[in-house]
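Enquirer: Take this structure first; my questions come after.
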Amino acid sequence: MLVEDDAILVEMYEAKFVLEGHDIQVATNGEECLRILEAYVPDIILLDILMPRMNGFHVLKEIKKRPNLRHIPVILLTNLGEAETDMNTELAGALGVSDYLIKSRHTPDEVVEKVVRTLKSPSSQ
Amino acid sequence: MPRRQSDESFGVSRAVTAAKRRRSAAAHAQPVASVAKLTQALTELRTEKEKLAAIQATIQDGVLVLDLRGRVQSINQEWEQLFGRCDKGSLVVQCYSGWEFETSQGWARLMGRVRRGQRLGAVYVRQSNRHYQLALGPVMDGGRVTAILVIGRDITPLLAQTLMANELAARAQRHSRELSELADFFSTVGSLSLANLYPKYLAKIASLLGTSGVSIYLYNPRRQILARQAQTRTVDHPDTLKLRDNHLAVNSFGARRSLVGELAGGQAALATPMIHHTKALGVILISHRTEPFGDHEIKLMKLVTARLAVIIENATLYNNVNARRERWEAVFKFTDEGIVIFDAQGLIVGFNPASVKLTGRNVTEAIGQPFTSVVKVVSPEGADLSATSPLKQVLGEGSLVAKSQQLLEKPNGEHLWAEVSYSPIFDELGHVSSGLAIIRNIQKDREVEEIKSDFISIVSHELRTPLSAIKGFLSMILKKDFGDLTEKQFHFLNRVYQSNQRMIELVEDLLDISYIESGKINLAPMPLALEGVIAEVVAELANKGFERQVMLRVNRRHKLPLVLADETRLRQILINLVDNAIKYSLPQSDVVVDFKVQGDELVTSISDSGVGITASQVDRLFQKFGRVYNPVSLKAGGTGLGLYIVKNLVESHGGRIWVTSRENKGSKFSFTLPIAKQLPLLG
């Protein structure tokens, strides 16, 4: 599940994931994401932070509230720097986030690679 | 009765006259007995004559008997000694012609009065420089004046004494007047206004010393001159005097003592310095006096100047203190910053208008109340933080405390961000007597900070988004995800990718710098094993090195101690330095990473055998955009911001960074990191 409000980036990541043979569900804002999650449980969620109306942290909190969704690994996929979000390993752990990726630092296939590795790691089983 | 002859006797004695009458009566009555009677009378007469002669001889006054025409009948020795000889029969007027009679009388007039029977008691005569006193009286026989008696004495010495006594009396009177004026002078309460003071004292000095010209000069140390503060209207002394001038007042001031002398116009003058303890305040110049200046005047002026010096010093001190107080009051009243003064118990004693605005309490509410309840500090969540107030520290230990970012709560619930600085106030013994707090409204600053933060966030996000799209799509195209590419297409698209990558790096660097400069780099230092980070960095840059035929080597003999560092930032530092080393290396050379433990720091060095850096270039190396111009480096890319950021990051860890280099021999960048102190083993 990719939660991303920028249409171009959606196009980009979607193309890559499909090319690599993965199933990808897209939500372009927080409410849509939660609505979809009522019916569809993904293996992993890629979550943008800066979105209109409901930001990524808010969505994250909601997800963690729901017992059926709590276990799903979440990777924050954003263009906000660590300094801007005060992000560090501690905070990530507290929020229940597996990783914090800055889009401009990674190519799409690096992102796919990260996703695959996270799904393979014991904590997500 | 037969005519009587005038004989040698002066007829003051009635006994003689009586005796004569008896004798003449007796002569008429008994012619036979008259011979015996005559003999008796003659004997009595002789006795009287001897008595008179004795009186005449003993008396110290001069005695002169004149006939009615003024001819000398009898003259005693004393008279002649006092007034000079005058032969019997001479006219008295002729003998003593130089005599000046007081009240313009004269011998003739006086004798006339005596002839009429008058007795003249005190007649004063002056002859050149001698003064005489005469008494004149008639010699009577029966009712008739028969001769003129003159008694005279020389009162010159007496007169001189009298004159001196008068003079002394006059002087005593003058001194008494001076004393009363001096007493008045000293008892007058000095005015604290110098402007009011001077005219009063000028008048007093003029009156006391009987001069019409008085000038008061004050010394101005900054300009090194004696400036005239006041003068009596009639005088014409100079306005200012330089210390180099040769003037009586200057000389007196310089010598610190009174001087009597002459002014330019020939006028006699007295200059007296005004000295308070050892400080010379100025000088008073007086002139235009009918009598000359002497010791007495000098003494008077000394008393005057001593008093005036005290008064001037007091007035000056008062004015200075007042001026300072007024300045302080102006600051207190008009500053935008809140000033709160509290006593040793922490109760408010001073509360300026700005404090009223910042705390929402007015002065009457604040005075006497505890500081912490008026200047209410709360946490952002609203919790009362008065327990953490530094008041105890300030009042107890006398420390200066600055607390930034304090949230103040007003009684109406409003909040305000402020910076509060505390300072103790000491008394003369060095004990803390009270304290002072200055409250600065930083609401605006915080708002600006927030705007800047927001701006940076927005910019970073907005710039990174399109850059990441470009990066993403290009990478996929280059990976041939969407079909094959010709060699040329691949090559140039790769160039596009690389350029885009540079832009991404520039945005990262700019963001880093803006964080550094706003002090917002949040480091999370923790004990780190450098080995891990080094390994990652080497792995990441190995390819790049390989492309340029540069070998990366890590020299590590022993296990490295843990260092206190932020992992992400340490990685950033190392990547930057190793990347630089690779960029500036010559082909087929090595980049070596070395370690050394130095005290409680670990020194990490990255050496290359590249083109090197000259001494002059070293200075600019760590500055913003201080890239060293170098043909090799031009191809290397980079923004020139890297080392600036690295230096800041190293220093934020409490370390130092430096470079040693030699042209064409290579460079060695070294930086220190604190070694993590051993934690006590737990369990």
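Residues are referred to by chain and number: the chain letter is A, B, ... according to the order shown in the structure tokens, the number counts from 1 in that chain, and ligands are numbered separately from 1 in the order shown.
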Quick one: residues within 6 Å of Trp417 in chain B, only C-alpha atoms, excluding same-chain residues fewer than 4 positions away - as a list in words?
Expert: Gln406, Leu407, Ile442 and Gln443 of chain B
Enquirer: Using DSSP secondary structure from the backbone, list all strand (DSSP E) positions within range 350-549 of chain B, as a PyMOL selection string.
Expert: chain B and resi 350-351+377-378+401-409+415-426+432-441+526-528
Enquirer: Could you give me, as a ChimeraX atom specification, the residues within 12 Å of Thr85 in chain A, counting only C-alpha atoms and dropping anything in the same chain fewer than 2 positions from it?
Expert: /A:49-50,56-57,76,78-83,87-88,91-92,100,102 /B:453-454,456-457,461,520-522
Enquirer: Write the selection just made, keeping C-alpha atoms, as a JSON list (two decimals), in the first residue's frame?
Expert:
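Generated output (again29.json):
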[["chain", "number", "residue", "atom", "x", "y", "z"],
["A", 49, "ILE", "CA", 4.10, 12.44, 5.67],
["A", 50, "LEU", "CA", 3.21, 15.79, 4.12],
["A", 56, "GLY", "CA", 1.27, 10.74, 7.72],
["A", 57, "PHE", "CA", 1.79, 10.70, 11.49],
["A", 76, "LEU", "CA", 7.86, 6.35, 6.05],
["A", 78, "THR", "CA", 8.92, 11.26, 2.56],
["A", 79, "ASN", "CA", 10.85, 14.31, 1.41],
["A", 80, "LEU", "CA", 10.97, 15.87, 4.86],
["A", 81, "GLY", "CA", 14.41, 15.69, 6.36],
["A", 82, "GLU", "CA", 15.11, 13.99, 9.69],
["A", 83, "ALA", "CA", 15.82, 17.37, 11.25],
["A", 87, "MET", "CA", 13.30, 11.74, 13.47],
["A", 88, "ASN", "CA", 15.75, 9.33, 14.97],
["A", 91, "LEU", "CA", 11.30, 7.97, 17.76],
["A", 92, "ALA", "CA", 10.91, 5.52, 14.88],
["A", 100, "TYR", "CA", 12.49, 6.31, 7.29],
["A", 102, "ILE", "CA", 13.90, 10.19, 1.97],
["B", 453, "SER", "CA", 11.45, 26.61, 10.05],
["B", 454, "ASP", "CA", 8.29, 26.39, 8.08],
["B", 456, "ILE", "CA", 12.80, 25.53, 5.25],
["B", 457, "SER", "CA", 10.45, 22.59, 5.57],
["B", 461, "HIS", "CA", 9.93, 19.25, 0.62],
["B", 520, "LYS", "CA", 18.92, 23.49, 15.11],
["B", 521, "ILE", "CA", 21.18, 20.61, 14.28],
["B", 522, "ASN", "CA", 19.80, 18.01, 16.59]]
Enquirer: Output as a Markdown table one row per residue of chain A within 8 Å of chain B: the closest atom pair and its distance in Å to one decimal place, counting only C-alpha atoms, sorted by chain and residue number ascending.
Expert:
| residue | atom | partner | partner_atom | distance |
| --- | --- | --- | --- | --- |
| A:Ile8 | CA | B:Ala469 | CA | 6.9 |
| A:Leu9 | CA | B:Ala469 | CA | 5.8 |
| A:Met12 | CA | B:Phe473 | CA | 6.3 |
| A:Lys16 | CA | B:Met476 | CA | 7.6 |
| A:Leu19 | CA | B:Asp481 | CA | 7.5 |
| A:Asn79 | CA | B:His461 | CA | 5.1 |
| A:Leu80 | CA | B:His461 | CA | 5.5 |
| A:Gly81 | CA | B:Ser460 | CA | 7.6 |
| A:Ala83 | CA | B:Asn522 | CA | 6.7 |
| A:Glu84 | CA | B:Ser457 | CA | 6.4 |
| A:Asp86 | CA | B:Asn522 | CA | 7.5 |
| A:Lys103 | CA | B:Ser468 | CA | 5.7 |
| A:Ser104 | CA | B:Ser468 | CA | 4.1 |
| A:Arg105 | CA | B:Ser468 | CA | 7.5 |
| A:His106 | CA | B:Gly472 | CA | 7.9 |
| A:Thr107 | CA | B:Gly472 | CA | 5.1 |
| A:Pro108 | CA | B:Gly472 | CA | 5.4 |
| A:Asp109 | CA | B:Met476 | CA | 7.8 |
Enquirer: Kindly export the residues of the current selection with N, CA, C and O atoms, as a PDB file, in the first residue's frame.
Expert:
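Written file, result-v7.pdb:
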ATOM      1  N   ILE A   8       2.747  12.437  -9.815  1.00  0.00           N
ATOM      2  CA  ILE A   8       3.913  11.994 -10.607  1.00  0.00           C
ATOM      3  C   ILE A   8       4.674  10.913  -9.862  1.00  0.00           C
ATOM      4  O   ILE A   8       5.065   9.881 -10.432  1.00  0.00           O
ATOM      5  N   LEU A   9       4.859  11.120  -8.577  1.00  0.00           N
ATOM      6  CA  LEU A   9       5.589  10.126  -7.806  1.00  0.00           C
ATOM      7  C   LEU A   9       4.800   8.826  -7.717  1.00  0.00           C
ATOM      8  O   LEU A   9       5.373   7.719  -7.747  1.00  0.00           O
ATOM      9  N   MET A  12       5.465   6.972 -10.766  1.00  0.00           N
ATOM     10  CA  MET A  12       6.821   6.427 -10.768  1.00  0.00           C
ATOM     11  C   MET A  12       6.915   5.149  -9.946  1.00  0.00           C
ATOM     12  O   MET A  12       7.385   4.109 -10.419  1.00  0.00           O
ATOM     13  N   LYS A  16       7.331   0.995 -11.043  1.00  0.00           N
ATOM     14  CA  LYS A  16       8.434   0.160 -10.589  1.00  0.00           C
ATOM     15  C   LYS A  16       7.940  -1.089  -9.895  1.00  0.00           C
ATOM     16  O   LYS A  16       8.408  -2.200 -10.167  1.00  0.00           O
ATOM     17  N   LEU A  19       6.495  -3.454 -12.326  1.00  0.00           N
ATOM     18  CA  LEU A  19       7.572  -4.060 -13.107  1.00  0.00           C
ATOM     19  C   LEU A  19       8.249  -5.182 -12.353  1.00  0.00           C
ATOM     20  O   LEU A  19       8.655  -6.191 -12.931  1.00  0.00           O
ATOM     21  N   ASN A  79       9.783  13.379   1.778  1.00  0.00           N
ATOM     22  CA  ASN A  79      10.848  14.308   1.412  1.00  0.00           C
ATOM     23  C   ASN A  79      11.166  15.292   2.528  1.00  0.00           C
ATOM     24  O   ASN A  79      11.888  16.260   2.327  1.00  0.00           O
ATOM     25  N   LEU A  80      10.614  15.041   3.709  1.00  0.00           N
ATOM     26  CA  LEU A  80      10.975  15.874   4.856  1.00  0.00           C
ATOM     27  C   LEU A  80      12.220  15.305   5.497  1.00  0.00           C
ATOM     28  O   LEU A  80      12.303  14.095   5.725  1.00  0.00           O
ATOM     29  N   GLY A  81      13.170  16.151   5.754  1.00  0.00           N
ATOM     30  CA  GLY A  81      14.409  15.692   6.359  1.00  0.00           C
ATOM     31  C   GLY A  81      14.207  15.222   7.786  1.00  0.00           C
ATOM     32  O   GLY A  81      13.210  15.537   8.421  1.00  0.00           O
ATOM     33  N   ALA A  83      15.797  16.213  10.339  1.00  0.00           N
ATOM     34  CA  ALA A  83      15.825  17.366  11.246  1.00  0.00           C
ATOM     35  C   ALA A  83      14.453  18.010  11.347  1.00  0.00           C
ATOM     36  O   ALA A  83      14.066  18.500  12.402  1.00  0.00           O
ATOM     37  N   GLU A  84      13.733  18.005  10.223  1.00  0.00           N
ATOM     38  CA  GLU A  84      12.430  18.662  10.245  1.00  0.00           C
ATOM     39  C   GLU A  84      11.389  17.892  11.012  1.00  0.00           C
ATOM     40  O   GLU A  84      10.431  18.451  11.517  1.00  0.00           O
ATOM     41  N   ASP A  86      12.354  15.758  13.474  1.00  0.00           N
ATOM     42  CA  ASP A  86      13.020  15.289  14.699  1.00  0.00           C
ATOM     43  C   ASP A  86      13.106  13.780  14.736  1.00  0.00           C
ATOM     44  O   ASP A  86      12.918  13.133  15.768  1.00  0.00           O
ATOM     45  N   LYS A 103      12.842  10.259  -0.180  1.00  0.00           N
ATOM     46  CA  LYS A 103      12.648   9.908  -1.590  1.00  0.00           C
ATOM     47  C   LYS A 103      13.801  10.332  -2.469  1.00  0.00           C
ATOM     48  O   LYS A 103      14.260   9.590  -3.331  1.00  0.00           O
ATOM     49  N   SER A 104      14.306  11.591  -2.249  1.00  0.00           N
ATOM     50  CA  SER A 104      15.343  12.080  -3.160  1.00  0.00           C
ATOM     51  C   SER A 104      16.679  11.376  -2.962  1.00  0.00           C
ATOM     52  O   SER A 104      17.610  11.577  -3.726  1.00  0.00           O
ATOM     53  N   ARG A 105      16.781  10.566  -1.901  1.00  0.00           N
ATOM     54  CA  ARG A 105      18.051   9.866  -1.690  1.00  0.00           C
ATOM     55  C   ARG A 105      18.073   8.451  -2.280  1.00  0.00           C
ATOM     56  O   ARG A 105      19.122   7.822  -2.322  1.00  0.00           O
ATOM     57  N   HIS A 106      16.907   7.976  -2.661  1.00  0.00           N
ATOM     58  CA  HIS A 106      16.863   6.583  -3.137  1.00  0.00           C
ATOM     59  C   HIS A 106      16.154   6.485  -4.463  1.00  0.00           C
ATOM     60  O   HIS A 106      15.120   7.115  -4.688  1.00  0.00           O
ATOM     61  N   THR A 107      16.705   5.633  -5.349  1.00  0.00           N
ATOM     62  CA  THR A 107      16.024   5.336  -6.614  1.00  0.00           C
ATOM     63  C   THR A 107      14.860   4.402  -6.320  1.00  0.00           C
ATOM     64  O   THR A 107      14.859   3.728  -5.295  1.00  0.00           O
ATOM     65  N   PRO A 108      13.905   4.372  -7.201  1.00  0.00           N
ATOM     66  CA  PRO A 108      12.756   3.481  -6.975  1.00  0.00           C
ATOM     67  C   PRO A 108      13.159   2.028  -6.716  1.00  0.00           C
ATOM     68  O   PRO A 108      12.557   1.368  -5.874  1.00  0.00           O
ATOM     69  N   ASP A 109      14.156   1.507  -7.425  1.00  0.00           N
ATOM     70  CA  ASP A 109      14.452   0.096  -7.137  1.00  0.00           C
ATOM     71  C   ASP A 109      15.155  -0.072  -5.806  1.00  0.00           C
ATOM     72  O   ASP A 109      15.069  -1.135  -5.183  1.00  0.00           O
TER      73      ASP A 109
END
Enquirer: Contacts of Leu209 in chain B at 12 Å or less, counting only C-alpha atoms, minus same-chain residues fewer than 2 places along, as a VMD selection string?
Expert: chain B and resid 174 to 175 177 to 179 181 to 182 201 to 207 211 to 214 269 to 270 285 to 294 296 to 304
Enquirer: Using only C-alpha atoms for the distances, tell me which of A:Leu101, A:Leu95, A:Ile75, A:Val10 is nearest to Ile45 in chain A.
Expert: A:Ile75
Enquirer: Run DSSP on the backbone and grab whatever in range 23-227 of chain B lands in helix (DSSP H, G or I); send it over as a ChimeraX atom specification.
Expert: /B:23-29,34-58,77-83,92-95,102-104,107-115,156-187,194-209
Enquirer: Between CA of Asp154 in chain B and CA of Leu134 in chain B, what is the distance in Å, rounded to a tenth?
Expert: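 So the two atoms, CA of Asp154 in chain B and CA of Leu134 in chain B, lie 8.8 Å apart.
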Enquirer: Between A:Glu38, A:Glu110, A:Glu31, A:Asp43, which one has atoms that come closest to His71 in chain A, using only C-alpha atoms?
Expert: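 Going through A:Glu38, A:Glu110, A:Glu31, A:Asp43 one by one, the smallest distance to His71 in chain A is for A:Asp43.
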Enquirer: Which residues come within 6 Å of range 82-89 of chain B, counting only C-alpha atoms, excluding same-chain residues fewer than 5 positions away, as a list in words?
Expert: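 Once the adjacent positions are removed, what remains is Arg71, Val72, Gln73 and Cys95 of chain B.
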Enquirer: Name all residues at most 12 Å from Pro73 in chain A (count only C-alpha atoms; drop same-chain ones fewer than 2 positions away) and give them as a VMD selection string.
Expert: chain A and resid 1 41 to 47 60 63 to 64 69 to 71 75 to 76 92 to 93 95 to 100 114 to 125
Enquirer: Could you check the closest approach to Met51 in chain A for each of A:Ala94, A:Ile36, A:Ala27, A:Val74 and tell me which residue wins, using only C-alpha atoms?
Expert: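 Of A:Ala94, A:Ile36, A:Ala27, A:Val74, the one nearest Met51 in chain A, counting only C-alpha atoms, is A:Ala27.
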Enquirer: Separation of CA of Gly62 in chain B and CA of Ala147 in chain B, in Å?
Expert: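 Atom-to-atom, CA of Gly62 in chain B to CA of Ala147 in chain B, that is 16.3 Å.
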